[in-house]
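This is my_file-v7.txt. It holds compact mmCIF, C-alpha atoms.
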# COMPACT_ATOMS: atom_id res chain seq x y z
CA MET A 1 7.49 221.31 97.02
CA THR A 2 4.48 219.49 98.44
CA THR A 3 2.21 221.46 96.12
CA ALA A 4 3.80 220.09 92.93
CA PRO A 5 1.15 218.36 90.85
CA ARG A 6 1.57 214.63 91.04
CA GLY A 7 2.08 212.84 87.78
CA GLU A 8 3.48 215.79 85.81
CA PRO A 9 7.09 216.28 86.89
CA ARG A 10 7.77 218.46 83.84
CA THR A 11 6.69 221.84 85.21
CA PRO A 12 8.59 221.76 88.55
CA PHE A 13 11.63 220.38 86.75
CA LEU A 14 11.65 223.16 84.15
CA LEU A 15 11.03 225.77 86.85
CA ALA A 16 13.95 224.52 88.94
CA ALA A 17 16.19 224.31 85.86
CA ALA A 18 15.30 227.88 84.81
CA VAL A 19 15.95 229.25 88.32
CA TRP A 20 19.28 227.39 88.48
CA THR A 21 20.32 228.66 85.03
CA VAL A 22 19.55 232.28 85.92
CA LEU A 23 21.19 232.03 89.37
CA VAL A 24 24.42 230.54 88.00
CA ALA A 25 24.58 233.04 85.12
CA ALA A 26 23.97 235.95 87.50
CA ALA A 27 26.57 234.72 90.00
CA VAL A 28 29.20 234.07 87.30
CA ALA A 29 28.66 237.53 85.81
CA ALA A 30 28.30 239.39 89.11
CA LEU A 31 31.39 238.02 90.86
CA PRO A 32 34.10 239.89 88.85
CA LEU A 33 31.91 242.98 88.45
CA ALA A 34 31.24 243.23 92.20
CA LEU A 35 34.95 242.92 93.00
CA ALA A 36 36.08 245.08 90.08
CA GLY A 37 37.74 247.57 92.47
CA ARG A 38 40.19 244.93 93.73
CA LEU A 39 40.91 243.28 90.36
CA PRO A 40 43.43 244.27 87.67
CA ASP A 41 41.82 245.36 84.39
CA PRO A 42 42.36 243.40 82.18
CA MET A 43 42.36 240.37 84.48
CA ALA A 44 44.05 237.01 83.88
CA THR A 45 41.61 234.45 82.47
CA HIS A 46 43.84 231.67 81.20
CA TRP A 47 46.75 229.80 82.66
CA GLY A 48 49.33 227.86 80.69
CA ALA A 49 50.75 224.45 81.40
CA SER A 50 53.62 226.06 83.33
CA GLY A 51 51.13 227.41 85.86
CA ALA A 52 51.63 231.08 84.97
CA SER A 53 48.79 233.16 83.57
CA ASP A 54 49.17 233.61 79.82
CA ARG A 55 46.01 235.37 78.62
CA ALA A 56 43.89 238.26 79.90
CA MET A 57 40.53 239.86 79.26
CA PRO A 58 38.78 243.08 80.31
CA ILE A 59 36.77 242.54 83.50
CA ALA A 60 33.44 243.02 81.71
CA ALA A 61 34.32 240.37 79.13
CA ALA A 62 35.58 238.00 81.82
CA ALA A 63 32.21 238.43 83.55
CA VAL A 64 29.92 238.10 80.53
CA ARG A 65 31.69 235.46 78.43
CA PRO A 66 31.45 232.49 80.83
CA ALA A 67 27.90 233.52 81.75
CA CYS A 68 26.91 233.43 78.06
CA MET A 69 28.63 230.08 77.54
CA TRP A 70 26.76 228.68 80.52
CA VAL A 71 23.38 229.96 79.31
CA VAL A 72 23.96 228.46 75.85
CA PHE A 73 24.90 225.11 77.39
CA ALA A 74 21.86 225.16 79.70
CA LEU A 75 19.47 226.05 76.86
CA VAL A 76 20.85 223.31 74.62
CA SER A 77 20.57 220.69 77.39
CA LEU A 78 17.03 221.74 78.22
CA GLY A 79 16.10 221.92 74.55
CA LEU A 80 17.29 218.34 74.06
CA ALA A 81 15.32 217.19 77.10
CA MET A 82 12.11 218.99 76.12
CA ARG A 83 11.42 217.02 73.00
CA ARG A 84 8.09 215.22 73.14
CA ARG A 85 7.33 213.89 76.63
CA ALA A 86 10.95 213.10 77.44
CA LEU A 87 10.89 214.86 80.84
CA ASN A 88 8.24 212.47 82.10
CA ARG A 89 10.94 209.83 82.04
CA ALA A 90 13.06 209.60 85.17
CA ILE A 91 16.26 208.77 83.29
CA VAL A 92 16.01 211.85 81.05
CA ARG A 93 15.35 214.09 84.07
CA ALA A 94 18.22 212.49 85.97
CA TRP A 95 20.82 213.02 83.24
CA THR A 96 19.63 216.51 82.32
CA ALA A 97 19.78 217.55 85.98
CA ALA A 98 23.21 215.95 86.35
CA ALA A 99 24.55 217.80 83.29
CA LEU A 100 23.09 221.14 84.44
CA ALA A 101 24.34 220.76 88.02
CA TRP A 102 27.79 219.55 86.94
CA CYS A 103 28.29 222.29 84.40
CA GLY A 104 26.80 225.06 86.56
CA VAL A 105 29.03 224.25 89.52
CA PHE A 106 32.01 223.90 87.18
CA PHE A 107 31.45 227.37 85.67
CA LEU A 108 30.88 228.87 89.12
CA GLY A 109 33.99 227.20 90.50
CA LEU A 110 36.16 228.33 87.58
CA GLN A 111 34.95 231.89 88.03
CA VAL A 112 35.67 231.80 91.78
CA VAL A 113 39.16 230.41 91.11
CA THR A 114 39.83 233.02 88.39
CA VAL A 115 38.69 235.93 90.54
CA THR A 116 40.56 234.67 93.62
CA ALA A 117 43.79 234.34 91.63
CA ASN A 118 43.44 237.94 90.42
CA LEU A 119 42.26 239.43 93.69
CA GLY A 120 44.45 242.25 95.02
CA ARG A 121 46.99 242.07 92.15
CA ALA A 122 48.04 245.15 90.26
CA ARG A 123 48.79 243.46 86.89
CA TRP A 124 47.24 240.37 85.37
CA GLN A 125 50.72 238.91 84.85
CA ASP A 126 51.03 238.72 88.65
CA ALA A 127 47.95 236.53 89.08
CA SER A 128 48.73 233.51 91.21
CA PRO A 129 48.93 230.04 89.60
CA VAL A 130 45.76 227.99 89.80
CA ALA A 131 46.92 224.48 88.90
CA TRP A 132 45.68 222.56 91.97
CA TRP A 133 42.58 224.64 92.60
CA ILE A 134 40.98 222.94 89.65
CA VAL A 135 40.80 219.64 91.52
CA PRO A 136 38.27 220.73 94.18
CA VAL A 137 36.23 222.47 91.45
CA VAL A 138 36.00 219.27 89.42
CA LEU A 139 35.20 217.21 92.53
CA ALA A 140 32.52 219.66 93.66
CA ALA A 141 31.02 219.64 90.17
CA PHE A 142 30.87 215.83 90.15
CA ALA A 143 29.31 215.79 93.62
CA ALA A 144 26.69 218.32 92.50
CA GLY A 145 25.98 216.25 89.40
CA LEU A 146 25.47 213.07 91.42
CA LEU A 147 23.24 214.85 93.92
CA ALA A 148 21.10 216.45 91.21
CA ARG A 149 20.83 213.14 89.39
CA ALA A 150 19.57 211.41 92.53
CA LEU A 151 17.08 214.21 93.24
CA ALA A 152 15.70 214.47 89.72
CA ARG A 153 15.32 210.74 89.39
CA ARG A 154 12.55 210.67 92.00
CA GLY A 155 8.97 211.03 90.93
CA PRO A 156 6.93 209.22 88.34
CA ASP A 157 8.61 207.42 85.49
CA GLU A 158 6.66 207.10 82.31
CA ARG A 159 7.83 204.40 79.95
CA PRO A 160 6.35 204.58 76.51
CA PRO A 161 4.13 201.56 75.92
CA ALA A 162 5.81 198.94 73.80
CA PRO A 163 3.94 198.12 70.59
CA ALA A 164 1.77 195.07 71.08
CA PRO A 165 3.35 191.93 69.68
CA ARG A 166 1.71 190.48 66.63
CA SER A 167 0.74 186.87 66.88
CA ASP A 168 -1.14 186.48 63.63
CA ILE A 169 1.69 185.18 61.52
CA ALA A 170 0.93 181.73 60.18
CA LEU A 171 3.57 179.67 58.46
CA PRO A 172 1.83 177.55 55.82
CA PRO A 173 3.98 174.69 54.55
CA GLY A 174 5.57 175.16 51.16
CA ARG A 175 5.91 178.91 51.70
CA ARG A 176 8.98 180.91 52.44
CA THR A 177 8.17 183.77 54.76
CA VAL A 178 10.78 186.43 55.39
CA TRP A 179 10.85 189.82 57.05
CA VAL A 180 13.23 192.61 56.12
CA SER A 181 13.61 195.98 57.68
CA SER A 182 16.31 198.54 57.94
CA VAL A 183 17.07 201.74 59.73
CA SER A 184 19.60 204.37 58.86
CA ALA A 185 21.09 207.51 60.32
CA PRO A 186 22.23 209.85 57.52
CA LEU A 187 24.26 211.84 60.06
CA GLY A 188 26.36 208.75 60.81
CA LEU A 189 27.02 208.30 57.10
CA TRP A 190 28.22 211.88 56.66
CA LEU A 191 30.31 211.82 59.83
CA GLY A 192 31.91 208.58 58.69
CA ILE A 193 32.66 209.96 55.22
CA ALA A 194 34.05 213.18 56.74
CA ALA A 195 36.33 211.21 59.10
CA LEU A 196 37.56 208.99 56.25
CA VAL A 197 38.26 211.97 54.00
CA ALA A 198 40.14 213.66 56.85
CA ALA A 199 42.11 210.46 57.50
CA VAL A 200 43.14 210.08 53.85
CA SER A 201 44.06 213.78 53.49
CA LEU A 202 46.11 213.73 56.69
CA ALA A 203 47.88 210.53 55.66
CA ALA A 204 48.67 212.04 52.24
CA ALA A 205 49.94 215.24 53.85
CA THR A 206 52.13 213.28 56.26
CA LEU A 207 53.45 211.14 53.39
CA ALA A 208 54.31 214.25 51.40
CA GLY A 209 56.06 215.72 54.41
CA LEU A 210 53.66 218.66 54.56
CA SER A 211 52.25 217.85 57.96
CA PRO A 212 53.95 216.84 61.20
CA THR A 213 50.80 214.89 62.22
CA PRO A 214 51.73 211.40 63.42
CA TRP A 215 50.37 208.36 61.60
CA ALA A 216 48.34 207.41 64.66
CA THR A 217 45.99 210.36 64.05
CA SER A 218 45.17 209.15 60.53
CA VAL A 219 44.66 205.59 61.76
CA VAL A 220 42.34 206.69 64.56
CA LEU A 221 40.35 208.88 62.15
CA ALA A 222 40.08 206.00 59.68
CA VAL A 223 38.82 203.62 62.38
CA VAL A 224 36.28 206.23 63.55
CA GLY A 225 35.17 206.77 59.96
CA LEU A 226 34.72 203.06 59.26
CA ALA A 227 32.79 202.57 62.52
CA GLY A 228 30.57 205.52 61.63
CA LEU A 229 29.91 204.08 58.17
CA ALA A 230 29.16 200.62 59.54
CA LEU A 231 26.65 202.01 62.02
CA SER A 232 25.07 204.53 59.66
CA THR A 233 22.67 201.92 58.39
CA VAL A 234 21.63 198.53 59.68
CA SER A 235 19.51 196.00 57.87
CA VAL A 236 17.76 193.15 59.62
CA LYS A 237 16.40 190.02 58.00
CA VAL A 238 14.38 187.24 59.60
CA GLY A 239 13.82 184.07 57.66
CA PRO A 240 13.86 180.28 57.91
CA GLU A 241 17.65 180.48 58.26
CA GLY A 242 17.43 182.69 61.32
CA LEU A 243 18.27 186.28 62.03
CA ARG A 244 20.80 188.28 60.05
CA VAL A 245 21.96 191.75 61.02
CA SER A 246 24.04 193.54 58.39
CA PHE A 247 25.90 196.77 58.94
CA GLY A 248 26.84 199.62 56.68
CA PRO A 249 25.99 200.57 53.11
CA LEU A 250 27.82 197.49 51.81
CA ARG A 251 25.84 195.16 54.14
CA TRP A 252 29.15 194.02 55.50
CA PRO A 253 30.10 193.05 58.16
CA SER A 254 27.04 191.05 59.03
CA ARG A 255 26.10 188.76 61.85
CA HIS A 256 24.01 185.65 61.49
CA VAL A 257 22.17 183.98 64.38
CA PRO A 258 20.72 180.55 63.52
CA LEU A 259 17.15 179.83 64.62
CA ASP A 260 18.14 177.13 67.11
CA ARG A 261 20.17 179.65 69.06
CA ILE A 262 17.16 181.92 69.50
CA GLU A 263 14.79 181.44 72.41
CA ARG A 264 12.27 184.16 71.68
CA ALA A 265 11.91 187.74 70.47
CA TRP A 266 9.90 190.74 71.53
CA VAL A 267 9.64 194.50 71.08
CA GLU A 268 10.93 197.05 73.53
CA ASP A 269 11.08 200.80 73.48
CA ARG A 270 14.67 201.82 74.09
CA ARG A 271 16.23 205.25 73.94
CA PRO A 272 19.88 206.25 73.53
CA ALA A 273 19.69 207.55 77.12
CA ASP A 274 18.78 204.04 78.31
CA VAL A 275 21.65 202.21 76.67
CA GLY A 276 24.38 204.85 76.84
CA GLY A 277 24.25 206.53 73.46
CA TRP A 278 24.18 205.66 69.78
CA GLY A 279 25.99 202.86 68.00
CA PHE A 280 26.89 199.43 69.34
CA ARG A 281 26.19 199.70 73.07
CA GLY A 282 26.86 197.29 75.88
CA LEU A 283 28.81 194.05 75.97
CA PRO A 284 28.20 191.08 73.70
CA GLY A 285 25.36 189.13 75.30
CA MET A 286 23.69 192.28 76.59
CA ALA A 287 24.12 194.65 73.65
CA THR A 288 21.90 197.10 71.82
CA ILE A 289 22.53 198.34 68.30
CA MET A 290 21.11 201.82 68.69
CA ILE A 291 20.64 203.73 65.47
CA ARG A 292 17.67 205.79 66.62
CA GLY A 293 15.49 205.86 69.73
CA GLY A 294 12.19 204.02 69.68
CA GLU A 295 11.02 200.51 69.01
CA CYS A 296 13.70 197.87 69.15
CA LEU A 297 13.62 194.21 68.20
CA VAL A 298 15.02 192.29 71.17
CA VAL A 299 16.17 188.70 70.72
CA ARG A 300 16.94 186.37 73.57
CA TYR A 301 19.49 183.64 72.88
CA THR A 302 19.15 180.14 74.28
CA SER A 303 22.52 180.84 75.93
CA GLY A 304 20.84 183.52 78.04
CA GLY A 305 22.23 186.62 76.35
CA GLN A 306 20.18 189.08 74.39
CA LEU A 307 20.57 191.52 71.54
CA GLY A 308 18.49 194.63 70.84
CA ILE A 309 18.35 196.33 67.45
CA SER A 310 16.56 199.60 66.84
CA VAL A 311 14.59 198.88 63.70
CA ASP A 312 11.24 199.86 62.19
CA ASP A 313 8.28 197.47 62.26
CA ALA A 314 10.00 195.40 64.95
CA ALA A 315 6.67 193.85 66.06
CA THR A 316 6.33 191.97 62.78
CA GLY A 317 9.92 190.78 62.93
CA ALA A 318 9.48 189.57 66.52
CA ALA A 319 6.24 187.78 65.65
CA LEU A 320 7.83 186.02 62.67
CA LEU A 321 10.87 185.01 64.72
CA ASN A 322 8.63 183.57 67.43
CA ALA A 323 6.54 181.74 64.84
CA LEU A 324 9.66 180.31 63.19
CA VAL A 325 11.20 179.30 66.51
CA SER A 326 8.09 177.50 67.69
CA ALA A 327 7.38 175.86 64.33
CA PRO A 328 8.50 172.23 63.93
CA ARG A 329 11.75 172.07 62.07
CA PRO A 330 13.19 169.21 60.03
CA MET B 331 8.15 194.24 55.64
CA LEU B 332 6.81 190.71 55.62
CA LEU B 333 7.15 188.80 52.36
CA THR B 334 5.84 185.36 51.49
CA LEU B 335 6.97 183.32 48.52
CA ASP B 336 5.26 180.10 47.44
CA LEU B 337 8.00 177.58 46.84
CA ASN B 338 5.79 175.49 44.51
CA ASP B 339 4.39 178.36 42.49
CA PRO B 340 4.79 177.54 38.78
CA ARG B 341 4.66 181.19 37.73
CA PRO B 342 7.86 182.96 36.62
CA LEU B 343 9.96 184.09 39.54
CA HIS B 344 9.59 187.82 38.92
CA GLU B 345 5.78 187.48 38.95
CA GLN B 346 5.98 185.71 42.29
CA VAL B 347 8.20 188.43 43.69
CA THR B 348 5.82 191.08 42.32
CA ALA B 349 2.93 189.27 43.97
CA ALA B 350 4.76 189.03 47.29
CA ILE B 351 5.55 192.74 47.35
CA ARG B 352 2.04 193.66 46.19
CA ARG B 353 0.58 191.48 48.93
CA ALA B 354 2.78 193.18 51.55
CA ILE B 355 1.52 196.57 50.38
CA ALA B 356 -2.10 195.40 50.25
CA GLN B 357 -1.93 193.98 53.77
CA GLY B 358 -0.57 197.25 55.12
CA ASP B 359 2.90 196.02 56.03
CA VAL B 360 4.13 199.14 54.28
CA ALA B 361 1.82 202.13 54.08
CA PRO B 362 1.69 204.81 51.37
CA GLY B 363 4.65 207.12 51.89
CA ASP B 364 6.80 204.41 53.49
CA ARG B 365 10.07 203.54 51.91
CA LEU B 366 10.67 200.01 50.76
CA PRO B 367 13.82 198.23 51.92
CA PRO B 368 16.60 198.42 49.32
CA ALA B 369 16.18 196.00 46.41
CA ARG B 370 19.36 194.25 47.46
CA ASP B 371 17.91 193.47 50.90
CA LEU B 372 14.66 192.24 49.36
CA ALA B 373 16.55 190.01 46.93
CA ASP B 374 18.71 188.60 49.67
CA ALA B 375 15.70 187.94 51.89
CA MET B 376 13.71 186.16 49.20
CA GLY B 377 16.70 184.31 47.86
CA VAL B 378 16.41 185.70 44.34
CA ASN B 379 18.62 187.80 42.11
CA ALA B 380 18.61 191.56 42.66
CA ASN B 381 17.66 192.09 39.00
CA THR B 382 14.52 190.01 39.52
CA VAL B 383 13.49 192.30 42.35
CA LEU B 384 14.29 195.39 40.30
CA ARG B 385 12.12 194.07 37.48
CA SER B 386 9.28 193.49 39.97
CA LEU B 387 9.69 196.97 41.41
CA ARG B 388 9.47 198.44 37.90
CA ASP B 389 6.33 196.41 37.21
CA LEU B 390 4.77 197.71 40.43
CA ARG B 391 5.76 201.24 39.53
CA ASP B 392 4.03 200.81 36.18
CA GLU B 393 0.96 199.60 38.08
CA GLY B 394 1.10 202.89 40.00
CA LEU B 395 1.77 201.33 43.40
CA LEU B 396 5.36 202.46 43.79
CA GLU B 397 7.27 205.64 43.19
CA PHE B 398 10.99 205.83 42.36
CA ARG B 399 12.77 208.88 43.59
CA ARG B 400 16.39 209.63 42.97
CA GLY B 401 18.36 209.47 46.17
CA ARG B 402 15.31 208.59 48.22
CA GLY B 403 14.83 205.03 47.09
CA VAL B 404 11.52 203.40 46.33
CA SER B 405 8.43 204.39 48.27
CA VAL B 406 4.83 203.24 48.31
CA LEU B 407 2.46 205.49 46.39
CA ARG B 408 -0.90 203.86 47.08
CA ARG B 409 -2.49 200.62 48.14
CA PRO B 410 -3.51 198.30 45.36
CA ASP B 411 -7.12 198.11 44.30
CA PRO B 412 -8.92 195.66 46.61
CA ARG B 413 -10.16 193.63 43.63
CA GLU B 414 -6.63 193.35 42.41
CA ALA B 415 -5.41 192.35 45.86
CA LEU B 416 -8.19 189.80 46.17
CA ARG B 417 -7.43 188.41 42.76
CA GLU B 418 -4.00 187.45 44.05
CA ARG B 419 -5.46 185.61 47.01
CA ALA B 420 -8.28 184.06 44.99
CA ARG B 421 -5.64 182.71 42.72
CA ASP B 422 -3.82 181.22 45.70
CA LEU B 423 -7.08 179.72 46.88
CA LEU B 424 -7.79 178.19 43.48
CA ASP B 425 -4.28 176.77 43.32
CA GLU B 426 -4.72 175.27 46.77
CA ALA B 427 -8.12 173.88 45.77
CA ALA B 428 -6.61 172.37 42.64
CA ARG B 429 -4.15 170.52 44.82
CA TYR B 430 -7.11 168.81 46.52
CA GLY B 431 -8.75 168.18 43.18
CA LEU B 432 -11.43 170.88 43.53
CA GLY B 433 -12.37 173.02 40.53
CA PRO B 434 -13.28 176.74 40.56
CA ASP B 435 -17.05 175.97 40.60
CA GLU B 436 -16.69 173.92 43.76
CA VAL B 437 -14.69 176.72 45.39
CA VAL B 438 -17.41 179.21 44.44
CA ASP B 439 -20.00 176.92 46.02
CA LEU B 440 -17.85 176.71 49.14
CA ILE B 441 -17.64 180.49 49.37
CA LYS B 442 -21.40 180.84 48.83
CA ASP B 443 -22.05 178.31 51.59
CA MET B 444 -19.94 180.35 54.00
CA SER B 445 -21.50 183.75 53.32
As a first step, turn the structure in this file into structure tokens.
Amino acid sequence: MTTAPRGEPRTPFLLAAAVWTVLVAAAVAALPLALAGRLPDPMATHWGASGASDRAMPIAAAAVRPACMWVVFALVSLGLAMRRRALNRAIVRAWTAAALAWCGVFFLGLQVVTVTANLGRARWQDASPVAWWIVPVVLAAFAAGLLARALARRGPDERPPAPAPRSDIALPPGRRTVWVSSVSAPLGLWLGIAALVAAVSLAAATLAGLSPTPWATSVVLAVVGLAGLALSTVSVKVGPEGLRVSFGPLRWPSRHVPLDRIERAWVEDRRPADVGGWGFRGLPGMATIMIRGGECLVVRYTSGGQLGISVDDAATGAALLNALVSAPRP
Amino acid sequence: MLLTLDLNDPRPLHEQVTAAIRRAIAQGDVAPGDRLPPARDLADAMGVNANTVLRSLRDLRDEGLLEFRRGRGVSVLRRPDPREALRERARDLLDEAARYGLGPDEVVDLIKDMS
């Protein structure tokens, strides 16, 4: 790979991913077909909790179905990673490679286990139990994922330039200067509403004796729904009183940070891949409220902790916070 | 969106709020096509009643600066006319000058001296 162009890791990465996808799909499909003479038709493809095989499929289907599932998974992962210039970022490459390696090895391992269990049997009901064979498959998949992650991480890492901080905000006396901005994720809103509706319907069904679902399910769904609603939209306000972050369509709950607890503010480009996903990420003191990838307002507390909020026009908010913090206060 | 309210402005509150939002649009804090923060957030930030903000937003819509769309909130339609935007600031300047005891003629002289 010494000929790979330096600075553009995208092409070799996509090439390797495509080769890997095709190889795994071909191996998964070819394995049962190549050994068709020594396999029962239909062959066992599913094992119940008791350890005995409980479902079967024709050999052709058992060959093609996992291969198709794998290809769909690989295409979706690659599609997600190909947006904009995402593959120029080491962390995106690392996690995409880890997902592809993990899943590819997992599919391969499952197919090997399935075929081995069926090998030399006359009827699919006689297939040997597979319970413990899953463990090495999962371990191998994890090992492959870690290895691929380490390999793909190498190479150049392009971090999008952070928007330049504004420093032109003057605070004339006798004026009240405030900054408001908000960001919302309509998907979060709909997911939250869907979860709440499901929670209420389930609870009603349980109450009426129509459903054996335990109460815990409704409670969990309700909590998920409320969290989804709260994180579907976030509004940020900076003013002489400090910083206020309000969650959800009702602007409640909200968190207020007085000015004298703020050391300074700046803008950073953070992506869900950097902070571990969407929503409230990290521990208090090192958290990011991630509603969408991109520019984030980051505030450093005098206590040493910091808080990041993905919000539009963060540069103005940071500049105003800095101006307010450094201005003389009564 | 950066908003500035003059705490000593004698004008009615809704005019001040209108001026603050118009100034934010004129200075490019929100560009045509951008959505404005919800009226409730604006009211909370400026420390005024939500109805005051709604009245200002309606005034700005009537001026042709804003567009109300059902379900999509309020978005900016166009930047205000520069003369109109300057009028706002000239007014601020005159008010400031008045505080130092300078009349409009003296301010005009000052501007002529500078250019």
Exercise for the section: Specify as a list in words all residues of chain B found within 9 Å of chain A, counting all atoms listed in the file. Expected result: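 So the contacting residues turn out to be Met331, Leu332, Leu333, Thr334, Leu335, Asp336, Leu337, Asn338, Asp359, Leu366, Pro367, Pro368, Asp371, Leu372, Asp374, Ala375 and Met376 of chain B.
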- Item | Between CA of Trp266 (chain A) and CA of Val383 (chain B) - distance in Å to one decimal |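 Between CA of Val383 (chain B) and CA of Trp266 (chain A) the gap works out to 29.4 Å.
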_CA of Ala152 (chain A) to CA of Arg93 (chain A), straight-line distance in Å_ =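 We find that CA of Arg93 (chain A) and CA of Ala152 (chain A) lie 5.7 Å from each other.
Near Leu384 (chain B), within 10 Å and counting all atoms listed in the file, sit B:His344, B:Val347, B:Thr348, B:Pro368, B:Ala369, B:Arg370, B:Leu372, B:Ala373, B:Leu390; same-chain residues fewer than 6 positions away were not included.
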In Å, how far is it from CA of Val219 (chain A) to CA of Thr233 (chain A)?
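That distance, rounded to one decimal, is 22.5 Å.
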Inset, instruction - Identify which of the residues A:Ala52, A:Ala97, A:Ile134, A:Val234 lies closest to Phe280 (chain A), counting all atoms listed in the file when measuring atom-to-atom distances. - result: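 Going through A:Ala52, A:Ala97, A:Ile134, A:Val234 one by one, the smallest distance to Phe280 (chain A) is for A:Val234.
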Notebook entry, point to check: Can you tell me, as a PyMOL selection string, which residues sit within 12 Å of (26.8, 205.6, 56.9) in the file's frame, using only C-alpha atoms?
Noted result: chain A and resi 183-196+224-234+247-252+279+291
Judged by all atoms listed in the file, the minimum distance to Arg271 (chain A) among A:Pro156, A:Gly104, A:Pro32, A:Gly293 is found for A:Gly293
Spatial neighbours of Arg391 (chain B), 12 Å, only C-alpha atoms, chain gap at least 2 places, as number ranges by chain: B: 348, 351-352, 384-389, 393-399, 404-410
Show me, as a ChimeraX atom specification, the residues that have an atom within 10 Å of region 419-425 of chain B when counting all atoms listed in the file, minus same-chain residues fewer than 2 positions from it.
/B:336,339,349,353,413-417,427-438
Please output region 370-388 of chain B, rebuilt to include N, CA and C atoms, as a PDB file, in the frame of the given file.
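Generated output (rebuild.pdb):
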ATOM      1  N   ARG B 370      18.358 195.255  47.120  1.00  0.00           N
ATOM      2  CA  ARG B 370      19.360 194.250  47.460  1.00  0.00           C
ATOM      3  C   ARG B 370      18.934 193.443  48.686  1.00  0.00           C
ATOM      4  N   ASP B 371      18.377 194.157  49.692  1.00  0.00           N
ATOM      5  CA  ASP B 371      17.910 193.470  50.900  1.00  0.00           C
ATOM      6  C   ASP B 371      16.745 192.547  50.578  1.00  0.00           C
ATOM      7  N   LEU B 372      15.822 193.055  49.728  1.00  0.00           N
ATOM      8  CA  LEU B 372      14.660 192.240  49.360  1.00  0.00           C
ATOM      9  C   LEU B 372      15.116 190.977  48.635  1.00  0.00           C
ATOM     10  N   ALA B 373      16.058 191.151  47.703  1.00  0.00           N
ATOM     11  CA  ALA B 373      16.550 190.010  46.930  1.00  0.00           C
ATOM     12  C   ALA B 373      17.202 188.990  47.844  1.00  0.00           C
ATOM     13  N   ASP B 374      18.022 189.493  48.745  1.00  0.00           N
ATOM     14  CA  ASP B 374      18.710 188.600  49.670  1.00  0.00           C
ATOM     15  C   ASP B 374      17.711 187.847  50.542  1.00  0.00           C
ATOM     16  N   ALA B 375      16.671 188.567  51.002  1.00  0.00           N
ATOM     17  CA  ALA B 375      15.700 187.940  51.890  1.00  0.00           C
ATOM     18  C   ALA B 375      14.903 186.861  51.170  1.00  0.00           C
ATOM     19  N   MET B 376      14.542 187.118  49.912  1.00  0.00           N
ATOM     20  CA  MET B 376      13.710 186.160  49.200  1.00  0.00           C
ATOM     21  C   MET B 376      14.539 185.117  48.469  1.00  0.00           C
ATOM     22  N   GLY B 377      15.840 185.280  48.504  1.00  0.00           N
ATOM     23  CA  GLY B 377      16.700 184.310  47.860  1.00  0.00           C
ATOM     24  C   GLY B 377      16.635 184.361  46.348  1.00  0.00           C
ATOM     25  N   VAL B 378      16.439 185.563  45.797  1.00  0.00           N
ATOM     26  CA  VAL B 378      16.410 185.700  44.340  1.00  0.00           C
ATOM     27  C   VAL B 378      17.463 186.729  43.938  1.00  0.00           C
ATOM     28  N   ASN B 379      17.649 186.856  42.632  1.00  0.00           N
ATOM     29  CA  ASN B 379      18.620 187.800  42.110  1.00  0.00           C
ATOM     30  C   ASN B 379      18.095 189.234  42.263  1.00  0.00           C
ATOM     31  N   ALA B 380      19.021 190.169  42.477  1.00  0.00           N
ATOM     32  CA  ALA B 380      18.610 191.560  42.660  1.00  0.00           C
ATOM     33  C   ALA B 380      17.899 192.097  41.413  1.00  0.00           C
ATOM     34  N   ASN B 381      18.305 191.604  40.226  1.00  0.00           N
ATOM     35  CA  ASN B 381      17.660 192.090  39.000  1.00  0.00           C
ATOM     36  C   ASN B 381      16.206 191.659  38.914  1.00  0.00           C
ATOM     37  N   THR B 382      15.912 190.468  39.483  1.00  0.00           N
ATOM     38  CA  THR B 382      14.520 190.010  39.520  1.00  0.00           C
ATOM     39  C   THR B 382      13.679 190.974  40.347  1.00  0.00           C
ATOM     40  N   VAL B 383      14.228 191.365  41.491  1.00  0.00           N
ATOM     41  CA  VAL B 383      13.490 192.300  42.350  1.00  0.00           C
ATOM     42  C   VAL B 383      13.325 193.634  41.642  1.00  0.00           C
ATOM     43  N   LEU B 384      14.380 194.098  40.987  1.00  0.00           N
ATOM     44  CA  LEU B 384      14.290 195.390  40.300  1.00  0.00           C
ATOM     45  C   LEU B 384      13.217 195.336  39.206  1.00  0.00           C
ATOM     46  N   ARG B 385      13.142 194.203  38.507  1.00  0.00           N
ATOM     47  CA  ARG B 385      12.120 194.070  37.480  1.00  0.00           C
ATOM     48  C   ARG B 385      10.721 194.130  38.110  1.00  0.00           C
ATOM     49  N   SER B 386      10.558 193.456  39.261  1.00  0.00           N
ATOM     50  CA  SER B 386       9.280 193.490  39.970  1.00  0.00           C
ATOM     51  C   SER B 386       8.928 194.901  40.415  1.00  0.00           C
ATOM     52  N   LEU B 387       9.938 195.602  40.933  1.00  0.00           N
ATOM     53  CA  LEU B 387       9.690 196.970  41.410  1.00  0.00           C
ATOM     54  C   LEU B 387       9.245 197.850  40.242  1.00  0.00           C
ATOM     55  N   ARG B 388       9.878 197.650  39.076  1.00  0.00           N
ATOM     56  CA  ARG B 388       9.470 198.440  37.900  1.00  0.00           C
ATOM     57  C   ARG B 388       8.030 198.107  37.503  1.00  0.00           C
TER      58      ARG B 388
END
